[in-house]
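Notes follow once the structure below has been shown.
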Amino acid sequence: MGKKSLISITDFTKDEILRIMEIAAEFERDLAGGGVASRGLLQGRVISTLFFEPSTRTRLSFESAINRLGARVIGFSDVANTSVSKGETLHDTISVISNYCDMIVMRHTLEGAARYASEVARVPVVNAGDGANQHPSQTLLDLYSIKKTQGRLDGLKVMMVGDLKYGRTVHSLLEALSHFDTEFVFVSPSELRMPVEYRTLLDKKGLKYSELTELDGHLDDIDILYMTRIQKERFNDPMEYERVKNTYVLHAAMLSGSRETMKILHPLPRVGEIAADVDDSPHAYYFSQVENGVYARMAIICYLLDVKK
Amino acid sequence: MAAQEKIMEVQMIENGTVIDHIPPAALFKIITIMGLDRDTEHRMTIGTNLESKRLGTKAIIKINDRYPSPHEIDRIALFAPDARVNTIRDFAVVEKRRVEVPARIEGFVRCANPMCVTNHQPIETAFEVVSGASGEIALRCRYCEKLTSQKRMELKK
Ligand SMILES: [Zn+2]
């Protein structure tokens with residue numbers, strides 16, 4: 001395998017996605033037993049985490065994955081005191097740092113920065129978020145969470161709720177799930193509905209979807225409820241935001257008729273779209289989802305470096 | 001009338017090119033693409049807001065002893081997909097050619113996404129040409145993956 005990067009979820013085929021799921025499950029089993037097999041896998045390797053835009057949560061998840069694989073981490077968690085703040089081009093920063101390491105994990109405010117870095121770098125690049133564009137490791141951990149809780153990826157009914165127009169996590173998850181026999185239900189204010197290009201993709205693949213403007217009363221036959229934030233800034237009319245915001249808040253009482261196996265996912269942080277009384281429900285999975293991020297990221301790193309257990 | 005117009009179009013060109021059926025809104029972009037604004041050598045006539053059966057109004061460029069390269073024609077096609085490029089020799093049209101929109105475009109067009117890395121770093125833009133809304137073309141940026149619609153296409157400074 002030549003140098004392979006992960007910039008967008010569409011860089012991976014269905015087989016590659018399934019392979020990541022398998023490797024992640026192996027790591028989860030190994031870590032449950034103490035992580036002995038994982039620990040030596042990347043001994044002697046160096047991985048850079050370059051966070052041009054700070055994101056403590058994502059960085060720690062990657063660094064935890066790297067450490068559990070036995071590799072060393074170098075990098076920065078923000079650009080203050082680096083040559084970037086002195087005006088160095090992205091080209092030069094990436095060229096220099098790719099001499100120091102075996103892989104680059106990067107997050108950047110500018111969209112397309114990771115794709116560009118992957119063209120410049122001599123080592124694989126993992127995109128840990130480029131502005132509002134892509135965040136493929138989030139998608140793979142979402143998918144892993146779905147597979148783990150449902151036991152399969154085919155034949156599921158997935159409801160996506162919130163800002164479906166600008167939400168990059170729902171777009172990438174839709175693209176990944178479109179490899180499988182998935183039925184979608186989109187719940188959003190009409191101003192923030194799923195863009196036409198994604199609906200066209202589902203039409204082309206012959207996958208069923210429906211669109212709703214309210215959440216309550218539609219949860220009984222859902223397998224996965226994927227909640228996202230609705231941001232006030234996304235509305236042209238602030239009055240409209242005030243009018244609709246409570247329509248997309250999930251309360252425990254709304255879950256009474258749900259399937260026993262139904263799980264609620266959220267990319268976090270939440271800002272009120274899931275009421276606190278949902279946290280104790282057996283359907284709440286958003287905190288366990290975070291743990292899956294480490295397994296998914298260990299799998300991504302080993303797959304791209306072509307390291308096998 | 002049609003015949004007379006035809007004569008008007010070509011009468012002043014002995015050898016050269018007539019680019020016809022340009023949407024008036026695209027004229028100045030094509031002038032920039034071909035560098036006609038800095039051309040002090042070739043005799044040329046540029047007309048705009050002329051009557052056109054197909055477009056309503058159109059612009060036309062007639063230029064002596066100048067033949068656009070395939071590269072220039074690719075770029076013209078992006079802004080004027082219905083343009084005709086006619087080659088003139090000895091006052092006669094010897095070749096009438098439709099332009100063809102290329103599958104890929106590198107450089108010269110700006111990505112319309114203000115947060116795109118190509119608008120902040122010294123990076124050459126690259127796009128895949130895809131079909132956009134209502135039969136128009138659109139450009140998908142290789143980097144930020146966003147679409148730039150035909151209406152929002154601007155030349156890179
Ligand atoms: Zn772009």
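Identifiers for the structure tokens are assigned positionally: chains receive A, B, ... in sequence, residues are indexed from 1 per chain, and ligands are indexed from 1 in the order shown.
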Please build the interface table for chain B against chain A with a cut-off of 10 Å, listing for each qualifying residue the nearest atom pair and the distance in Å to one decimal; count only C-alpha atoms, order rows by chain and increasing number, and write it as a tab-separated table.
residue	atom	partner	partner_atom	distance
B:Asn113	CA	A:Glu111	CA	8.6
B:Pro114	CA	A:Leu110	CA	9.1
B:Met115	CA	A:Leu110	CA	5.5
B:Cys116	CA	A:Glu111	CA	4.8
B:Val117	CA	A:Leu110	CA	5.2
B:Thr118	CA	A:Gly112	CA	7.8
B:Asn119	CA	A:Leu110	CA	9.2
B:His120	CA	A:Leu110	CA	8.2
B:Gln121	CA	A:Thr89	CA	6.7
B:Pro122	CA	A:Thr89	CA	7.8
B:Ile123	CA	A:Tyr116	CA	8.4
B:Gly132	CA	A:Glu197	CA	9.9
B:Cys141	CA	A:Gly112	CA	8.6
B:Arg142	CA	A:Gly112	CA	7.7
B:Tyr143	CA	A:Gly112	CA	3.9
B:Cys144	CA	A:Gly112	CA	3.9
B:Glu145	CA	A:Gly112	CA	7.3
B:Lys146	CA	A:Asn133	CA	8.4
Written selection (all heavy atoms) as a compact mmCIF listing (two decimals), in the first residue's frame:
# COMPACT_ATOMS: atom_id res chain seq x y z
N ASN B 113 -15.96 29.79 -1.65
CA ASN B 113 -16.06 29.61 -0.20
C ASN B 113 -15.00 30.47 0.51
O ASN B 113 -13.82 30.22 0.39
CB ASN B 113 -15.84 28.12 0.10
CG ASN B 113 -15.76 27.82 1.59
OD1 ASN B 113 -16.05 28.68 2.42
ND2 ASN B 113 -15.37 26.59 1.91
N PRO B 114 -15.44 31.48 1.25
CA PRO B 114 -14.46 32.37 1.90
C PRO B 114 -13.56 31.65 2.90
O PRO B 114 -12.46 32.11 3.18
CB PRO B 114 -15.32 33.44 2.60
CG PRO B 114 -16.71 32.88 2.64
CD PRO B 114 -16.83 31.88 1.54
N MET B 115 -14.02 30.49 3.42
CA MET B 115 -13.21 29.74 4.38
C MET B 115 -12.31 28.70 3.71
O MET B 115 -11.65 27.91 4.38
CB MET B 115 -14.11 29.05 5.41
CG MET B 115 -14.72 29.99 6.44
SD MET B 115 -13.47 30.98 7.29
CE MET B 115 -12.75 29.72 8.36
N CYS B 116 -12.29 28.69 2.38
CA CYS B 116 -11.46 27.70 1.68
C CYS B 116 -9.99 28.05 1.82
O CYS B 116 -9.59 29.21 1.71
CB CYS B 116 -11.83 27.65 0.20
SG CYS B 116 -10.82 26.47 -0.72
N VAL B 117 -9.19 27.02 2.05
CA VAL B 117 -7.75 27.21 2.25
C VAL B 117 -7.10 27.91 1.05
O VAL B 117 -6.14 28.68 1.22
CB VAL B 117 -7.08 25.84 2.56
CG1 VAL B 117 -7.09 24.91 1.34
CG2 VAL B 117 -5.67 26.00 3.11
N THR B 118 -7.65 27.73 -0.15
CA THR B 118 -7.05 28.35 -1.34
C THR B 118 -7.22 29.87 -1.35
O THR B 118 -6.55 30.55 -2.11
CB THR B 118 -7.65 27.79 -2.65
OG1 THR B 118 -9.05 28.09 -2.67
CG2 THR B 118 -7.45 26.29 -2.76
N ASN B 119 -8.14 30.38 -0.51
CA ASN B 119 -8.31 31.83 -0.44
C ASN B 119 -7.44 32.47 0.65
O ASN B 119 -7.51 33.69 0.84
CB ASN B 119 -9.78 32.18 -0.19
CG ASN B 119 -10.63 31.93 -1.43
OD1 ASN B 119 -10.21 32.26 -2.55
ND2 ASN B 119 -11.80 31.33 -1.26
N HIS B 120 -6.67 31.65 1.36
CA HIS B 120 -5.87 32.17 2.47
C HIS B 120 -4.40 31.81 2.36
O HIS B 120 -3.58 32.32 3.12
CB HIS B 120 -6.40 31.65 3.80
CG HIS B 120 -7.81 32.10 4.07
ND1 HIS B 120 -8.11 33.21 4.82
CD2 HIS B 120 -8.99 31.60 3.65
CE1 HIS B 120 -9.43 33.36 4.87
NE2 HIS B 120 -9.98 32.40 4.17
N GLN B 121 -4.07 30.84 1.49
CA GLN B 121 -2.70 30.36 1.38
C GLN B 121 -2.32 30.40 -0.10
O GLN B 121 -3.20 30.33 -0.96
CB GLN B 121 -2.61 28.90 1.90
CG GLN B 121 -2.88 28.76 3.38
CD GLN B 121 -1.62 28.93 4.23
OE1 GLN B 121 -0.51 28.67 3.77
NE2 GLN B 121 -1.79 29.39 5.44
N PRO B 122 -1.03 30.51 -0.40
CA PRO B 122 -0.63 30.52 -1.82
C PRO B 122 -0.76 29.13 -2.45
O PRO B 122 0.20 28.40 -2.57
CB PRO B 122 0.84 30.98 -1.77
CG PRO B 122 1.32 30.61 -0.40
CD PRO B 122 0.13 30.65 0.51
N ILE B 123 -1.98 28.76 -2.81
CA ILE B 123 -2.27 27.43 -3.34
C ILE B 123 -3.03 27.59 -4.66
O ILE B 123 -3.97 28.39 -4.72
CB ILE B 123 -3.16 26.63 -2.35
CG1 ILE B 123 -2.44 26.45 -1.01
CG2 ILE B 123 -3.56 25.29 -2.93
CD1 ILE B 123 -3.30 25.81 0.07
N GLY B 132 -24.67 21.76 -12.04
CA GLY B 132 -25.22 22.50 -10.91
C GLY B 132 -26.72 22.65 -11.07
O GLY B 132 -27.36 21.87 -11.77
N CYS B 141 -14.67 22.22 -5.55
CA CYS B 141 -13.29 22.48 -5.14
C CYS B 141 -12.62 21.19 -4.66
O CYS B 141 -13.21 20.44 -3.88
CB CYS B 141 -13.30 23.52 -4.02
SG CYS B 141 -11.68 23.87 -3.33
N ARG B 142 -11.39 20.94 -5.13
CA ARG B 142 -10.67 19.75 -4.70
C ARG B 142 -10.36 19.82 -3.20
O ARG B 142 -10.25 18.81 -2.53
CB ARG B 142 -9.36 19.61 -5.48
CG ARG B 142 -8.49 18.49 -4.95
CD ARG B 142 -7.57 17.95 -6.01
NE ARG B 142 -6.31 18.66 -6.06
CZ ARG B 142 -5.57 18.78 -7.16
NH1 ARG B 142 -6.01 18.30 -8.30
NH2 ARG B 142 -4.43 19.40 -7.12
N TYR B 143 -10.22 21.02 -2.67
CA TYR B 143 -9.81 21.17 -1.28
C TYR B 143 -10.99 21.25 -0.32
O TYR B 143 -11.17 20.36 0.51
CB TYR B 143 -8.86 22.37 -1.15
CG TYR B 143 -7.61 22.12 -1.96
CD1 TYR B 143 -7.42 22.70 -3.21
CD2 TYR B 143 -6.67 21.18 -1.52
CE1 TYR B 143 -6.30 22.39 -3.98
CE2 TYR B 143 -5.55 20.88 -2.27
CZ TYR B 143 -5.37 21.48 -3.51
OH TYR B 143 -4.28 21.16 -4.26
N CYS B 144 -11.82 22.27 -0.43
CA CYS B 144 -12.89 22.41 0.57
C CYS B 144 -14.14 21.61 0.18
O CYS B 144 -15.07 21.51 0.98
CB CYS B 144 -13.25 23.88 0.77
SG CYS B 144 -14.16 24.59 -0.59
N GLU B 145 -14.19 21.08 -1.04
CA GLU B 145 -15.27 20.22 -1.51
C GLU B 145 -16.58 20.98 -1.74
O GLU B 145 -17.61 20.38 -2.04
CB GLU B 145 -15.50 19.00 -0.57
CG GLU B 145 -14.22 18.23 -0.32
CD GLU B 145 -14.37 17.01 0.59
OE1 GLU B 145 -15.48 16.49 0.71
OE2 GLU B 145 -13.35 16.58 1.18
N LYS B 146 -16.56 22.31 -1.59
CA LYS B 146 -17.78 23.10 -1.79
C LYS B 146 -17.97 23.42 -3.27
O LYS B 146 -17.03 23.42 -4.05
CB LYS B 146 -17.70 24.42 -1.01
CG LYS B 146 -17.59 24.25 0.49
CD LYS B 146 -18.91 23.84 1.11
CE LYS B 146 -18.81 23.71 2.62
NZ LYS B 146 -17.89 22.66 3.07
### Task
Could you tell me, as a VMD selection string, which residues of chain B DSSP assigns to strand (DSSP E) when given the backbone?
chain B and resid 16 to 22 44 to 52 56 to 64 84 to 89 92 to 98 104 to 106 109 to 110 126 to 131 137 to 141 147 to 149 154 to 155
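The closest residue to Arg97 in chain B, picked from B:Val85, B:Thr32, B:Leu155, B:Arg140 and counting only C-alpha atoms, is B:Val85.
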### Query
Could you pull out the helix (DSSP H, G or I) residues of range 106-269 of chain A from DSSP and send them as a VMD selection string?
chain A and resid 113 to 120 136 to 150 168 to 177 190 to 192 196 to 205 232 to 234 238 to 248 252 to 255
### Message
List the spatial neighbours of Ile94 in chain A as JSON, numbers by chain - criterion: any atom at most 12 Å away, only C-alpha atoms, same-chain residues fewer than 3 positions off excluded.
### Response
{"A": [48, 49, 50, 52, 75, 83, 84, 88, 89, 90, 91, 97, 98, 99, 100, 101, 103, 104, 105, 106, 113, 114, 115, 116, 117, 118, 119, 120, 121, 122, 123, 124, 125]}
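Taking CA of Ser172 in chain A as the reference point, CA of Met160 in chain A is found at 12.0 Å.
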### Task
Find the residue from B:Val130, B:Ile105, B:Ala112, B:Ile22 that sits nearest to ligand 1; use only C-alpha atoms and all ligand atoms when measuring.
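Smallest separation from ligand 1 among the options: B:Ala112.
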### Query
Counting only C-alpha atoms, what is within 12 Å of Ser134 in chain B, bar same-chain residues fewer than 6 positions away, as number ranges by chain?
B: 149-151
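Straight-line separation from CA of Arg104 in chain B to CA of Val129 in chain B: 5.6 Å.
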Could you list, as a PDB file with N, CA and C atoms, in the first residue's frame, every residue within 8 Å of range 23-27 of chain B, counting only C-alpha atoms and ignoring same-chain residues fewer than 6 positions away?
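selection37.pdb, freshly written:
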ATOM      1  N   THR B  48     -21.022  44.703 -27.472  1.00  0.00           N
ATOM      2  CA  THR B  48     -21.811  44.027 -26.440  1.00  0.00           C
ATOM      3  C   THR B  48     -23.239  44.565 -26.410  1.00  0.00           C
ATOM      4  N   ASN B  49     -24.114  43.833 -25.722  1.00  0.00           N
ATOM      5  CA  ASN B  49     -25.545  44.130 -25.672  1.00  0.00           C
ATOM      6  C   ASN B  49     -26.151  44.167 -27.068  1.00  0.00           C
ATOM      7  N   LEU B  55     -29.769  34.181 -26.992  1.00  0.00           N
ATOM      8  CA  LEU B  55     -29.442  34.627 -25.638  1.00  0.00           C
ATOM      9  C   LEU B  55     -30.224  35.865 -25.197  1.00  0.00           C
ATOM     10  N   THR B  57     -29.579  38.994 -25.439  1.00  0.00           N
ATOM     11  CA  THR B  57     -28.495  39.887 -25.852  1.00  0.00           C
ATOM     12  C   THR B  57     -27.200  39.098 -25.823  1.00  0.00           C
ATOM     13  N   LYS B  58     -26.229  39.582 -26.568  1.00  0.00           N
ATOM     14  CA  LYS B  58     -24.958  38.861 -26.619  1.00  0.00           C
ATOM     15  C   LYS B  58     -23.821  39.845 -26.793  1.00  0.00           C
ATOM     16  N   ALA B  59     -22.627  39.348 -26.609  1.00  0.00           N
ATOM     17  CA  ALA B  59     -21.423  40.124 -26.895  1.00  0.00           C
ATOM     18  C   ALA B  59     -20.614  39.371 -27.939  1.00  0.00           C
ATOM     19  N   PHE B  79     -17.227  30.314 -18.733  1.00  0.00           N
ATOM     20  CA  PHE B  79     -18.049  31.519 -18.542  1.00  0.00           C
ATOM     21  C   PHE B  79     -19.055  31.706 -19.678  1.00  0.00           C
ATOM     22  N   ALA B  80     -18.760  31.134 -20.838  1.00  0.00           N
ATOM     23  CA  ALA B  80     -19.639  31.284 -21.997  1.00  0.00           C
ATOM     24  C   ALA B  80     -19.793  29.927 -22.676  1.00  0.00           C
TER      25      ALA B  80
END
### Summary
Pairwise distance, CA of Leu60 in chain A with CA of Met298 in chain A, equals 12.6 Å
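In this comparison, which uses only C-alpha atoms, the residue of B:Ile30, B:Met44, B:Leu50, B:Ile63 approaching Ala83 in chain B most closely is B:Ile30.
Using only C-alpha atoms, the smallest distance between any of B:Asp65, B:Glu72, B:Glu95, B:Asp20 and Gly47 in chain B comes from B:Asp20.
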